[in-house]
Amino acid sequence: MKRTTDPRAGLAYFVATLLIAALCVSNAWAQGLSGTQRQGTVAPIPIAVPNFLGDDPKLAADIAGVLASDLQRSGLFQSLDPASFLEQITDANRAPRFPDWRAIRADALVVGRVTRESDGRVTAEFRLWDVTTGKQLSGQRFTTSGEYWRRIAHIIADQVYERLTGEKGYFDTRVVYVDETGPKQKRVKRLAIMDQDGANARLLSNGSELVLTPRFSPSSQQIAYMSYGNGQPRVFIMNLETGQRQVVGDFPGMTFAPRFSPDGQRIIMSLQEGGGSSIFEMDLRSRQSRRVTNVPEAIDTGPSYSPDGREIVFESDREGTQQLYVVSADGSGVRRISYGTGRYSTPVWSPRGDYIAFTKQLMGRFLIGVIRPDGSGERILSEGFHNEGPTWAPNGRVLMFFREERGQNAGPKIYSVDITGYNEQVVKTPSFASDPAWSPLLN
């Protein structure tokens with residue numbers, strides 16, 4: 001099959017056939033892990049992931065390793081040390097010796113086999129076992145082109161995550177971001193894309209133009225972003241499969257923070273007018289735009305749709321300081337939702353609709369937090385010298401953001417944190433990196 005321009009696209013490569021009907025997850029599993037996610041009060045679930053079997057031992061071990069790493073980084077699972085395993089798996093289709101796995105305090109076990117086909121494709125099958133009950137919870141087989149083997153590991157991780165938590169996983173996803181190189185005062189900024197774990201990073205632009213605020217379409221493999229060419233800011237849409245880009249439109253003033261609607265058919269952004277800026281929406285089919293907010297001299301920017309597209313959150317200084325506001329998509333019913341001290345910015349609505357993430361400046365600190373759409377439940381998840389730009393995983397349970405480090409030769413790095421705030425970690429990138437945006441699930 002011909003390879004597309006985008007080496008991470010091509011979902012047609014994947015053939016997923018049911019190996020064994022997945023069994024229902026017990027309420028105890030789902031409730032226990034949901035409690036961990038919401039409250040951070042339940043210990044991570046111990047899970048064992050032995051090296052998969054197969055005719056290519058290195059590939060089989062690599063797939064198992066990526067799977068175990070995905071689960072470990074989620075904060076909901078503790079991937080047990082293979083050195084502690086008492087049983088050596090020799091047949092992925094045979095029930096394991098459960099007493100051996102209970103002895104090392106494993107609650108769940110994933111076994112699998114990887115086969116390299118004669119045409120170069122890779123087939124991987126797995127089985128997920130509940131060690132306590134001895135029951136199989138899930139089992140499936142996946143086939144893909146050999147170069148996409150990491151996606152198999154991510155998809156299996158998503159299957160395990162969903163079966164044991166009752167919620168969708170987020171591992172088979174990508175993140176678009178701004179790659180930054182060069183001296184601090186003369187940074188070259190390029191569009192880049194990577195897997196959610198930092199692997200397979202590659203550049204999407206050559207650095208000849210300054211690029212800012214890349215954002216994924218929720219319905220297709222496209223991104224919207226700002227580009228400064230010849231000093232003129234313009235909004236582009238790029239097709240990730242072909243690499244082609246198109247101008248959204250030419251506007252008389254500065255444009256800021258373009259973002260797609262939930263159906264991918266519209267773009268919302270901030271347009272400068274005189275001493276202020278207003279929120280505008282453009283229909284990508286007709287290229288007609290309409291005004292959403294109109295408060296002279298106020299700076300309204302950073303718009304983000306609710307998951308159903310009926311409301312928009314944005315930041316505004318209309319009452320003197322930067323605060324968060326929610327407005328109906330037709331421009332009616334504006335209401336302020338943030339009332340804490342400090343300045344609020346970069347709001348983004350969770351895919352679940354339950355929270356809005358934001359950046360907050362307070363007494364020289366930059367905080368990443370969440371707040372409910374009605375203004376209640378504000379909670380800070382992370383703080384640092386300069387934190388900014390939160391973006392949600394598609395399951396609405398993990399955020400990425402970037403943090404500018406201190407020092408003359410320092411630069412921004414991307415971090416992830418779950419909504420409990422207890423599982424913060426750096427996402428490794430080849431260079432400095434800023435302004436991440438998470439994709440929907442690929443499969």
# chains A, B, ... in the order shown; residues from 1 in each chain; ligands from 1
call {"tool": "residues_around", "arguments": {"residues": "Gly377 of chain A", "least_positions_apart": "4", "cutoff": "12 Å", "atoms": "only C-alpha atoms", "output": "PyMOL selection string"}}
result
chain A and resi 337-340+354-357+369-373
call {"tool": "atom_distance", "arguments": {"atom1": "atom CA of Arg336 of chain A", "atom2": "atom CA of Pro258 of chain A"}}
result
21.6 Å
call {"tool": "select_by_dssp", "arguments": {"residues": "segment 223-324 of chain A", "states": "strand (DSSP E or B)", "output": "count of residues only"}}
result
60
call {"tool": "select_by_dssp", "arguments": {"residues": "segment 137-360 of chain A", "states": "alpha helix (DSSP H)", "output": "PyMOL selection string"}}
result
chain A and resi 149-165
call {"tool": "closest_residue", "arguments": {"among": "A:Ser278, A:Thr346, A:Thr181, A:Ser217", "to": "Asn239 of chain A", "atoms": "only C-alpha atoms"}}
result
A:Ser217
call {"tool": "closest_atom_pairs", "arguments": {"of": "segment 220-242 of chain A", "to": "segment 184-194 of chain A", "cutoff": "12 Å", "atoms": "only C-alpha atoms", "output": "JSON lines"}}
result
{"residue": "A:Gln221", "atom": "CA", "partner": "A:Ile193", "partner_atom": "CA", "distance": 11.8}
{"residue": "A:Gln222", "atom": "CA", "partner": "A:Ile193", "partner_atom": "CA", "distance": 11.8}
{"residue": "A:Ile223", "atom": "CA", "partner": "A:Leu191", "partner_atom": "CA", "distance": 10.2}
{"residue": "A:Ala224", "atom": "CA", "partner": "A:Leu191", "partner_atom": "CA", "distance": 10.9}
{"residue": "A:Tyr225", "atom": "CA", "partner": "A:Leu191", "partner_atom": "CA", "distance": 9.0}
{"residue": "A:Met226", "atom": "CA", "partner": "A:Leu191", "partner_atom": "CA", "distance": 10.4}
{"residue": "A:Ser227", "atom": "CA", "partner": "A:Leu191", "partner_atom": "CA", "distance": 10.0}
{"residue": "A:Tyr228", "atom": "CA", "partner": "A:Lys189", "partner_atom": "CA", "distance": 10.8}
{"residue": "A:Met238", "atom": "CA", "partner": "A:Leu191", "partner_atom": "CA", "distance": 10.5}
{"residue": "A:Leu240", "atom": "CA", "partner": "A:Ile193", "partner_atom": "CA", "distance": 9.5}
call {"tool": "write_last_selection", "arguments": {"atoms": "N, CA and C atoms", "output": "compact mmCIF listing (two decimals), in the first residue's frame"}}
result
# COMPACT_ATOMS: atom_id res chain seq x y z
N GLN A 221 -7.68 15.34 10.35
CA GLN A 221 -6.26 15.53 10.60
C GLN A 221 -5.79 16.85 9.99
N GLN A 222 -6.29 17.93 10.56
CA GLN A 222 -5.90 19.27 10.17
C GLN A 222 -5.53 20.08 11.40
N ILE A 223 -4.70 21.10 11.20
CA ILE A 223 -4.40 22.03 12.27
C ILE A 223 -4.60 23.45 11.76
N ALA A 224 -5.01 24.33 12.66
CA ALA A 224 -5.05 25.77 12.39
C ALA A 224 -3.93 26.42 13.20
N TYR A 225 -3.33 27.45 12.63
CA TYR A 225 -2.26 28.13 13.35
C TYR A 225 -2.07 29.53 12.79
N MET A 226 -1.34 30.34 13.53
CA MET A 226 -0.97 31.69 13.10
C MET A 226 0.44 31.67 12.53
N SER A 227 0.64 32.46 11.49
CA SER A 227 1.97 32.58 10.90
C SER A 227 2.24 34.04 10.59
N TYR A 228 3.47 34.49 10.90
CA TYR A 228 3.89 35.86 10.60
C TYR A 228 4.87 35.81 9.43
N MET A 238 -3.57 23.62 7.90
CA MET A 238 -2.67 22.66 7.26
C MET A 238 -3.27 21.27 7.32
N LEU A 240 -2.49 17.56 7.54
CA LEU A 240 -1.31 16.82 8.02
C LEU A 240 -0.97 15.64 7.13
call {"tool": "closest_residue", "arguments": {"among": "A:Val175, A:Ile152, A:Val111, A:Ile63", "to": "Thr429 of chain A", "atoms": "only C-alpha atoms"}}
result
A:Val175
call {"tool": "residues_around", "arguments": {"residues": "Ala48 of chain A", "least_positions_apart": "3", "cutoff": "7 Å", "atoms": "only C-alpha atoms", "output": "PDB file with N, CA and C atoms, in the first residue's frame"}}
result
ATOM      1  N   SER A  79       3.419  -0.109  36.807  1.00  0.00           N
ATOM      2  CA  SER A  79       3.964  -1.210  36.016  1.00  0.00           C
ATOM      3  C   SER A  79       5.049  -1.910  36.835  1.00  0.00           C
ATOM      4  N   LEU A  80       4.836  -3.165  37.171  1.00  0.00           N
ATOM      5  CA  LEU A  80       5.735  -3.892  38.058  1.00  0.00           C
ATOM      6  C   LEU A  80       7.051  -4.233  37.369  1.00  0.00           C
ATOM      7  N   ALA A 106       0.424  -8.364  41.904  1.00  0.00           N
ATOM      8  CA  ALA A 106      -0.148  -7.839  40.662  1.00  0.00           C
ATOM      9  C   ALA A 106      -1.663  -7.986  40.710  1.00  0.00           C
ATOM     10  N   ALA A 108      -3.467  -6.942  37.844  1.00  0.00           N
ATOM     11  CA  ALA A 108      -3.808  -7.190  36.445  1.00  0.00           C
ATOM     12  C   ALA A 108      -2.562  -7.649  35.709  1.00  0.00           C
ATOM     13  N   LEU A 109      -2.771  -8.374  34.616  1.00  0.00           N
ATOM     14  CA  LEU A 109      -1.670  -8.960  33.842  1.00  0.00           C
ATOM     15  C   LEU A 109      -1.999  -8.844  32.358  1.00  0.00           C
ATOM     16  N   VAL A 110      -1.026  -8.374  31.558  1.00  0.00           N
ATOM     17  CA  VAL A 110      -1.186  -8.306  30.111  1.00  0.00           C
ATOM     18  C   VAL A 110      -0.132  -9.204  29.464  1.00  0.00           C
TER      19      VAL A 110
END
call {"tool": "residues_around", "arguments": {"residues": "segment 304-307 of chain A", "least_positions_apart": "5", "cutoff": "6 Å", "atoms": "only C-alpha atoms", "output": "list in words"}}
result
Ile312, Val313, Val348, Trp349, Pro351 and Gly353 of chain A
call {"tool": "write_last_selection", "arguments": {"atoms": "N, CA and C atoms", "output": "tab-separated table (two decimals), in the first residue's frame"}}
result
chain	number	residue	atom	x	y	z
A	312	ILE	N	-19.09	29.50	24.38
A	312	ILE	CA	-17.69	29.83	24.13
A	312	ILE	C	-17.12	30.46	25.40
A	313	VAL	N	-15.97	29.99	25.83
A	313	VAL	CA	-15.26	30.63	26.93
A	313	VAL	C	-14.16	31.49	26.32
A	348	VAL	N	-9.46	26.85	27.96
A	348	VAL	CA	-9.79	25.79	26.99
A	348	VAL	C	-10.74	24.81	27.65
A	349	TRP	N	-11.84	24.54	26.98
A	349	TRP	CA	-12.91	23.70	27.53
A	349	TRP	C	-12.54	22.23	27.42
A	351	PRO	N	-12.93	18.28	26.81
A	351	PRO	CA	-13.79	17.49	25.91
A	351	PRO	C	-14.99	16.87	26.63
A	353	GLY	N	-16.61	18.46	29.01
A	353	GLY	CA	-17.50	19.56	29.33
A	353	GLY	C	-17.55	19.92	30.80
call {"tool": "closest_residue", "arguments": {"among": "A:Ala257, A:Arg94, A:Lys168, A:Phe401", "to": "Gln136 of chain A", "atoms": "only C-alpha atoms"}}
result
A:Arg94
call {"tool": "atom_distance", "arguments": {"atom1": "atom CA of Asp418 of chain A", "atom2": "atom CA of Val131 of chain A"}}
result
26.8 Å
call {"tool": "residues_around", "arguments": {"residues": "Met282 of chain A", "least_positions_apart": "6", "cutoff": "10 Å", "atoms": "only C-alpha atoms", "output": "list in words"}}
result
Val248, Gly249, Phe260, Ser261, Gln265, Arg266, Ile267, Ile268, Met269, Gln288, Ser289, Arg290 and Arg291 of chain A
call {"tool": "closest_residue", "arguments": {"among": "A:Arg215, A:Arg245, A:Lys135, A:Arg150", "to": "Gly198 of chain A", "atoms": "only C-alpha atoms"}}
result
A:Arg150
call {"tool": "closest_residue", "arguments": {"among": "A:Ala157, A:Val427, A:Val114, A:Ala393", "to": "Ser69 of chain A", "atoms": "only C-alpha atoms"}}
result
A:Ala157
call {"tool": "atom_distance", "arguments": {"atom1": "atom CA of Gly166 of chain A", "atom2": "atom CA of Leu441 of chain A"}}
result
16.3 Å
call {"tool": "residues_around", "arguments": {"residues": "Ala92 of chain A", "least_positions_apart": "5", "cutoff": "10 Å", "atoms": "only C-alpha atoms", "output": "list of chain:residue names"}}
result
A:Phe52, A:Leu53, A:Gly54, A:Val110, A:Val111, A:Gly112, A:Arg113, A:Glu125, A:Phe126, A:Arg127
call {"tool": "closest_residue", "arguments": {"among": "A:Glu180, A:Leu367, A:Val327, A:Gly333", "to": "Lys413 of chain A", "atoms": "only C-alpha atoms"}}
result
A:Glu180
